Amino acid sequence: MNTTRVFSDKQMLAQHFGKVLLNRTQKSDKVTIALSGGSTPKAIFDELAAEYANEIDWTKVFLFWGDERCVPPTDTESNYLMTKTHLLNKVTIPEANVFRVKGELSIDAAVEDYQKVLLAELPQSNGLPQFDLMILGMGDDGHTASVFPYQINLWDKPEVCVAAQHPESKQNRVSLTGGVINNAKEIFFLVTGSNKADKLSEILNKKEGYKQYPAALVDKPTWLLDSAAAAKLQE
């Protein structure tokens, strides 16, 4: 069963997620999170840095990524760098709590290294690593993590993570597989912007062919949307 919450704008969505994370850290000694890249998480990170730098016990937060581009951590394309710039540099999270994908390695080496990290650092359930919180975004083509519609077969791969490739730029990426994504205790889709409205309507209204989109294969997520992304849900 999907849960959907619509907020007036990206800022209100970010404020809500800040409260979610504060609540989880108050109830647990350790919270493992798979982060997403993109513009919506950037707003979340800015909110967390501005309002929760001293409210959240960051020693309890352990950060990973759902996908990463195969670029060095100093590259402007890096999801890690975006998180570092907007969050990590502004809160007192221990460096030992941050587990980035080593995008500077070859694609095969990056996948192998990250799989070892996930297997070593996360508890297992159902034979797979289990995150407490899975944060996902959705592209306007219906992709999530770095599983794109043209490579949807990667979703069901038995591996923990896989090598993926952007359909247009051919940029190599490391992505979690569907099994690990759906194995998380809680899954949040953060989707904003009018460019997402058409695909979101197809997926949430289960229109014909909607399962061709990787984002439609996520089990029981909580969708946090701004009003622009949600604009066509009644159609």
# chains A, B, ... in the order shown; residues from 1 in each chain; ligands from 1
call {"tool": "closest_atom_pairs", "arguments": {"of": "segment 69-107 of chain A", "to": "segment 146-162 of chain A", "cutoff": "12 Å", "atoms": "only C-alpha atoms", "output": "JSON lines"}}
result
{"residue": "A:Arg69", "atom": "CA", "partner": "A:Ser146", "partner_atom": "CA", "distance": 8.7}
{"residue": "A:Cys70", "atom": "CA", "partner": "A:Ser146", "partner_atom": "CA", "distance": 11.5}
{"residue": "A:Asn79", "atom": "CA", "partner": "A:Ser146", "partner_atom": "CA", "distance": 11.8}
{"residue": "A:Val101", "atom": "CA", "partner": "A:Cys161", "partner_atom": "CA", "distance": 10.8}
{"residue": "A:Ile107", "atom": "CA", "partner": "A:Val162", "partner_atom": "CA", "distance": 9.2}
call {"tool": "residues_around", "arguments": {"residues": "Asp198 of chain A", "least_positions_apart": "5", "cutoff": "10 Å", "atoms": "only C-alpha atoms", "output": "count of residues only"}}
result
10
call {"tool": "atom_distance", "arguments": {"atom1": "atom CA of Asp226 of chain A", "atom2": "atom CA of Ser28 of chain A"}}
result
28.7 Å
call {"tool": "closest_residue", "arguments": {"among": "A:Ile33, A:Val111, A:Ile93, A:Leu190", "to": "Gln130 of chain A", "atoms": "only C-alpha atoms"}}
result
A:Ile33
call {"tool": "closest_residue", "arguments": {"among": "A:Asn195, A:Asn89, A:Ser78, A:Ser201", "to": "Ser36 of chain A", "atoms": "only C-alpha atoms"}}
result
A:Ser78
call {"tool": "closest_residue", "arguments": {"among": "A:Asn23, A:Val191, A:Gln234, A:Thr74", "to": "Lys10 of chain A", "atoms": "only C-alpha atoms"}}
result
A:Val191
call {"tool": "atom_distance", "arguments": {"atom1": "atom CA of Lys90 of chain A", "atom2": "atom CA of Met134 of chain A"}}
result
22.0 Å
call {"tool": "residues_around", "arguments": {"residues": "Lys116 of chain A", "least_positions_apart": "2", "cutoff": "12 Å", "atoms": "only C-alpha atoms", "output": "JSON, numbers by chain"}}
result
{"A": [99, 101, 102, 109, 110, 111, 112, 113, 114, 118, 119, 120, 121, 122, 129, 159, 160, 161]}
call {"tool": "closest_residue", "arguments": {"among": "A:Leu48, A:Ile56, A:Leu63, A:Ala228", "to": "Ser194 of chain A", "atoms": "only C-alpha atoms"}}
result
A:Ala228
call {"tool": "atom_distance", "arguments": {"atom1": "atom CA of Gly127 of chain A", "atom2": "atom CA of Leu224 of chain A"}}
result
28.9 Å
call {"tool": "select_by_dssp", "arguments": {"residues": "segment 117-181 of chain A", "states": "strand (DSSP E or B)", "output": "compact mmCIF listing (two decimals) with C-alpha atoms, in the first residue's frame"}}
result
# COMPACT_ATOMS: atom_id res chain seq x y z
CA GLN A 124 21.06 -8.60 6.97
CA SER A 125 17.43 -9.59 6.59
CA LEU A 128 20.22 -9.04 1.92
CA PRO A 129 21.62 -5.92 3.59
CA LEU A 133 15.69 4.43 5.66
CA MET A 134 15.83 4.31 1.88
CA ILE A 135 15.62 7.76 0.27
CA LEU A 136 14.71 7.64 -3.42
CA THR A 144 14.99 5.46 -9.60
CA VAL A 147 18.04 1.71 -12.75
CA CYS A 161 24.63 -3.50 -6.38
CA VAL A 162 25.32 -3.38 -10.09
CA ALA A 163 26.95 -1.38 -12.86
CA ALA A 164 24.41 0.77 -14.69
CA GLN A 165 24.66 3.30 -17.50
CA ASN A 172 28.72 4.64 -15.83
CA ARG A 173 27.01 4.45 -12.46
CA VAL A 174 26.83 2.17 -9.43
CA SER A 175 23.29 1.39 -8.30
CA LEU A 176 21.58 -0.64 -5.61
call {"tool": "select_by_dssp", "arguments": {"residues": "segment 51-184 of chain A", "states": "alpha helix (DSSP H)", "output": "list of chain:residue names"}}
result
A:Glu51, A:Asn79, A:Tyr80, A:Leu81, A:Met82, A:Thr83, A:Lys84, A:Thr85, A:His86, A:Ile107, A:Asp108, A:Ala109, A:Ala110, A:Val111, A:Glu112, A:Asp113, A:Tyr114, A:Gln115, A:Lys116, A:Val117, A:Leu118, A:Leu119, A:Ala120, A:Glu121, A:Gly178, A:Gly179, A:Val180, A:Ile181, A:Asn182
call {"tool": "residues_around", "arguments": {"residues": "Thr25 of chain A", "least_positions_apart": "2", "cutoff": "8 Å", "atoms": "only C-alpha atoms", "output": "ChimeraX atom specification"}}
result
/A:21-23,27-31,56-57,60-61
call {"tool": "decode", "arguments": {"residues": "segment 72-88 of chain A", "atoms": "all heavy atoms", "output": "short mmCIF file (atom, residue, chain, number, x, y, z; two decimals), in the first residue's frame"}}
result
data_model
loop_
_atom_site.label_atom_id
_atom_site.label_comp_id
_atom_site.auth_asym_id
_atom_site.auth_seq_id
_atom_site.Cartn_x
_atom_site.Cartn_y
_atom_site.Cartn_z
N PRO A 72 35.18 11.12 -9.69
CA PRO A 72 35.85 11.35 -8.40
C PRO A 72 34.95 12.09 -7.42
O PRO A 72 34.01 12.79 -7.83
CB PRO A 72 37.08 12.20 -8.79
CG PRO A 72 37.29 11.94 -10.24
CD PRO A 72 35.92 11.71 -10.82
N PRO A 73 35.23 11.99 -6.12
CA PRO A 73 34.38 12.64 -5.11
C PRO A 73 34.45 14.16 -5.14
O PRO A 73 33.66 14.82 -4.46
CB PRO A 73 34.92 12.08 -3.79
CG PRO A 73 36.32 11.68 -4.09
CD PRO A 73 36.31 11.19 -5.51
N THR A 74 35.39 14.71 -5.92
CA THR A 74 35.51 16.16 -6.05
C THR A 74 34.80 16.68 -7.29
O THR A 74 34.75 17.90 -7.52
CB THR A 74 36.99 16.55 -6.13
OG1 THR A 74 37.61 15.77 -7.17
CG2 THR A 74 37.70 16.27 -4.82
N ASP A 75 34.22 15.79 -8.08
CA ASP A 75 33.57 16.16 -9.33
C ASP A 75 32.18 16.74 -9.05
O ASP A 75 31.46 16.25 -8.18
CB ASP A 75 33.46 14.94 -10.24
CG ASP A 75 33.09 15.29 -11.67
OD1 ASP A 75 31.93 15.69 -11.90
OD2 ASP A 75 33.94 15.14 -12.55
N THR A 76 31.80 17.76 -9.80
CA THR A 76 30.50 18.39 -9.59
C THR A 76 29.33 17.44 -9.89
O THR A 76 28.21 17.69 -9.45
CB THR A 76 30.33 19.64 -10.46
OG1 THR A 76 30.56 19.30 -11.83
CG2 THR A 76 31.32 20.72 -10.04
N GLU A 77 29.58 16.34 -10.59
CA GLU A 77 28.54 15.35 -10.88
C GLU A 77 28.33 14.38 -9.72
O GLU A 77 27.37 13.61 -9.72
CB GLU A 77 28.95 14.54 -12.12
CG GLU A 77 28.85 15.29 -13.42
CD GLU A 77 27.47 15.16 -14.04
OE1 GLU A 77 27.14 14.06 -14.51
OE2 GLU A 77 26.74 16.16 -14.02
N SER A 78 29.21 14.40 -8.74
CA SER A 78 29.19 13.42 -7.65
C SER A 78 28.04 13.67 -6.68
O SER A 78 27.89 14.77 -6.14
CB SER A 78 30.52 13.48 -6.89
OG SER A 78 30.45 12.80 -5.67
N ASN A 79 27.25 12.62 -6.43
CA ASN A 79 26.21 12.71 -5.40
C ASN A 79 26.83 12.93 -4.03
O ASN A 79 26.27 13.65 -3.18
CB ASN A 79 25.36 11.44 -5.39
CG ASN A 79 24.43 11.35 -6.57
OD1 ASN A 79 24.08 12.35 -7.19
ND2 ASN A 79 24.02 10.14 -6.90
N TYR A 80 27.98 12.30 -3.80
CA TYR A 80 28.67 12.48 -2.52
C TYR A 80 29.06 13.94 -2.31
O TYR A 80 28.84 14.50 -1.23
CB TYR A 80 29.92 11.60 -2.47
CG TYR A 80 30.87 11.98 -1.36
CD1 TYR A 80 30.61 11.63 -0.04
CD2 TYR A 80 32.01 12.73 -1.63
CE1 TYR A 80 31.46 12.02 0.99
CE2 TYR A 80 32.88 13.12 -0.61
CZ TYR A 80 32.60 12.76 0.69
OH TYR A 80 33.43 13.14 1.70
N LEU A 81 29.63 14.57 -3.34
CA LEU A 81 30.05 15.97 -3.20
C LEU A 81 28.85 16.86 -2.90
O LEU A 81 28.95 17.78 -2.08
CB LEU A 81 30.75 16.44 -4.48
CG LEU A 81 31.21 17.91 -4.44
CD1 LEU A 81 32.24 18.15 -3.34
CD2 LEU A 81 31.77 18.34 -5.80
N MET A 82 27.72 16.62 -3.57
CA MET A 82 26.54 17.42 -3.29
C MET A 82 26.13 17.28 -1.82
O MET A 82 25.82 18.27 -1.14
CB MET A 82 25.39 17.00 -4.21
CG MET A 82 24.15 17.88 -4.10
SD MET A 82 23.00 17.35 -2.81
CE MET A 82 22.19 15.99 -3.65
N THR A 83 26.14 16.06 -1.31
CA THR A 83 25.79 15.84 0.10
C THR A 83 26.81 16.50 1.02
O THR A 83 26.44 17.11 2.04
CB THR A 83 25.73 14.33 0.40
OG1 THR A 83 24.90 13.69 -0.56
CG2 THR A 83 25.18 14.08 1.79
N LYS A 84 28.07 16.38 0.68
CA LYS A 84 29.13 16.98 1.49
C LYS A 84 28.95 18.49 1.55
O LYS A 84 29.04 19.10 2.64
CB LYS A 84 30.49 16.62 0.89
CG LYS A 84 31.70 17.06 1.71
CD LYS A 84 32.98 16.48 1.10
CE LYS A 84 34.18 16.76 1.99
NZ LYS A 84 34.58 18.18 1.98
N THR A 85 28.69 19.10 0.41
CA THR A 85 28.55 20.56 0.34
C THR A 85 27.34 21.06 1.11
O THR A 85 27.42 22.07 1.84
CB THR A 85 28.44 21.01 -1.13
OG1 THR A 85 29.59 20.55 -1.85
CG2 THR A 85 28.33 22.52 -1.24
N HIS A 86 26.23 20.37 0.98
CA HIS A 86 24.97 20.86 1.55
C HIS A 86 24.66 20.33 2.94
O HIS A 86 23.80 20.88 3.63
CB HIS A 86 23.82 20.55 0.60
CG HIS A 86 23.85 21.37 -0.64
ND1 HIS A 86 23.18 22.56 -0.76
CD2 HIS A 86 24.51 21.19 -1.81
CE1 HIS A 86 23.41 23.08 -1.95
NE2 HIS A 86 24.21 22.27 -2.61
N LEU A 87 25.36 19.26 3.37
CA LEU A 87 25.04 18.68 4.68
C LEU A 87 26.27 18.34 5.51
O LEU A 87 26.43 18.84 6.62
CB LEU A 87 24.18 17.43 4.50
CG LEU A 87 23.78 16.70 5.78
CD1 LEU A 87 22.89 17.59 6.66
CD2 LEU A 87 23.06 15.39 5.46
N LEU A 88 27.14 17.50 4.97
CA LEU A 88 28.23 16.96 5.79
C LEU A 88 29.16 18.04 6.34
O LEU A 88 29.65 17.91 7.47
CB LEU A 88 29.04 15.94 4.99
CG LEU A 88 28.27 14.76 4.40
CD1 LEU A 88 29.22 13.80 3.68
CD2 LEU A 88 27.50 14.02 5.49
#
